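Quick notes on the structure that follows.
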Amino acid sequence: LGQPALSMITAGRDLQSVVGRSETLANINVIDVKGIESLKLAIKKCWASTFDVNCILKLKVQSKNPSDLNIPIFVQKMVYSDRSGKSVTNKSEVSIDAVWGLPGLERLEGSAYSVQNNSYHILDTILKEQPYMYVKDNYLNRIIKRSIPMHSLRVLDDQEVRDVARTTKDIENNLGFPVKVHWAIEDRKLSILKVQKIEMDEEIAKEETTTFSIDELYNIIESLEKQLSQLKNKLS
């Protein structure tokens, strides 16, 4: 991994068996990684992200240990996108959220589009003022925050909206189930960064609430402190 080989590391999201529904427990993006040592550190960060309180509480309910999980970590070439977003399929349309700049660094709101399946007619467009974006500064050779160009509320033009919707629908048709697609556009070239399965079962998608007694919470906290101590020793 020399200077030109820029990668993005993403912790896997396939932990549905743990939480009982499609949900992210390990959700960390590390972008613009350069060099072997930085790559090793990024992988450690992804693995360590499973040790947050939310994850451990849910694992405790099922008598599981975070260290027993098999977490897929995806490494891919860095896409220095000028626009990025995600698109989701359902029975009647494709929903698209798009922002200026790089994905994954911060939750930002930009344009939103609804596109009818098959005909790819644009049903609705919602434009929001994005305060800033993240881009690669070639002079400084690092990611920086930059203001949005004036008169740039609309992130995608109509043709780009249809292209994203059509690509998303093609992925769904090939896989055979509804999907959420993370994508990026660099110099008008569309790249697919990640594809997730969307669980459509309403019972599975329902938020689950778990109640703990005081004694159970104390035991969970004590166990959490031990596991965090073990994690620090492994990372040191």
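By convention in this document, the chains of the structure tokens carry letters A, B, ... by their order, each chain's residues are numbered from 1, and ligands are numbered from 1 in the order they are shown.
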
| Residues at most 8 Å from Trp183 in chain A, counting only C-alpha atoms, excluding those fewer than 3 positions away in the same chain, as a PyMOL selection string? | chain A and resi 84-87+190-194

Give me, as a Markdown table, each residue of range 65-164 of chain A that comes within 10 Å of range 172-175 of chain A, together with its shortest interatomic pair and the distance in Å at one decimal, counting only C-alpha atoms, with rows ordered by chain and rising residue number.
| residue | atom | partner | partner_atom | distance |
| --- | --- | --- | --- | --- |
| A:Val88 | CA | A:Glu172 | CA | 9.5 |
| A:Thr89 | CA | A:Glu172 | CA | 7.5 |
| A:Asn90 | CA | A:Glu172 | CA | 9.6 |

Those residues you just picked out, can you put them in a file as a compact mmCIF listing (two decimals), in the first residue's frame with N, CA, C and O atoms?
# COMPACT_ATOMS: atom_id res chain seq x y z
N VAL A 88 -32.37 3.05 -1.62
CA VAL A 88 -33.09 1.92 -1.02
C VAL A 88 -34.26 1.53 -1.92
O VAL A 88 -34.99 2.40 -2.42
N THR A 89 -34.43 0.24 -2.11
CA THR A 89 -35.54 -0.25 -2.94
C THR A 89 -36.71 -0.68 -2.08
O THR A 89 -36.54 -1.13 -0.94
N ASN A 90 -37.91 -0.52 -2.61
CA ASN A 90 -39.10 -1.12 -2.03
C ASN A 90 -40.01 -1.57 -3.16
O ASN A 90 -39.60 -1.56 -4.33

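Using only C-alpha atoms, the nearest neighbour of Lys180 in chain A within the list A:Thr125, A:Ser95, A:Asn219, A:Gln116 is A:Ser95.
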
| Can you tell me how far CA of Glu160 in chain A sits from CA of Ser111 in chain A, in Å to one decimal? | 12.4 Å

| message | Based on the backbone DSSP call, show me all residues of range 53-216 of chain A assigned strand (DSSP E or B), as a PyMOL selection string. | response | chain A and resi 73-77+83-89+93-100+111-116+122-127+133-137+142-146+179-186+189-197

| request: Please identify all polymer residues within 9 Å of Gln130 in chain A, counting only C-alpha atoms, omitting same-chain residues fewer than 2 positions from it, and present them as a list in words. | output: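 Near neighbours after the sequence-gap exclusion: Val99, Trp100, Leu108, Glu109, Gly110, Ser111, Lys128, Tyr132, Met133, Ser147, Ile148, Ser152 and Leu153 of chain A.
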
| note | Residue with the minimum atom-to-atom distance to Leu57 in chain A, picked from A:Asp97, A:Glu222, A:Asp137, A:Glu37 with only C-alpha atoms counted, is A:Glu222

| request: Identify all residues of range 145-195 of chain A in helix (DSSP H, G or I) (DSSP on the backbone) and supply them as a count of residues only. | output: 18

| field | Pick from A:Val94, A:Met78, A:Val61, A:Ile73 nearest to Lys44 in chain A, counting only C-alpha atoms | value |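 Ranking A:Val94, A:Met78, A:Val61, A:Ile73 by distance to Lys44 in chain A, first place goes to A:Ile73.
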
| field | Distance in Å - CA of Ser81 in chain A versus CA of His182 in chain A | value |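 That distance, rounded to one decimal, is 12.2 Å.
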
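Atom pair CA of Ala42 in chain A / CA of Leu231 in chain A has a distance of 15.0 Å (rounded to one decimal).
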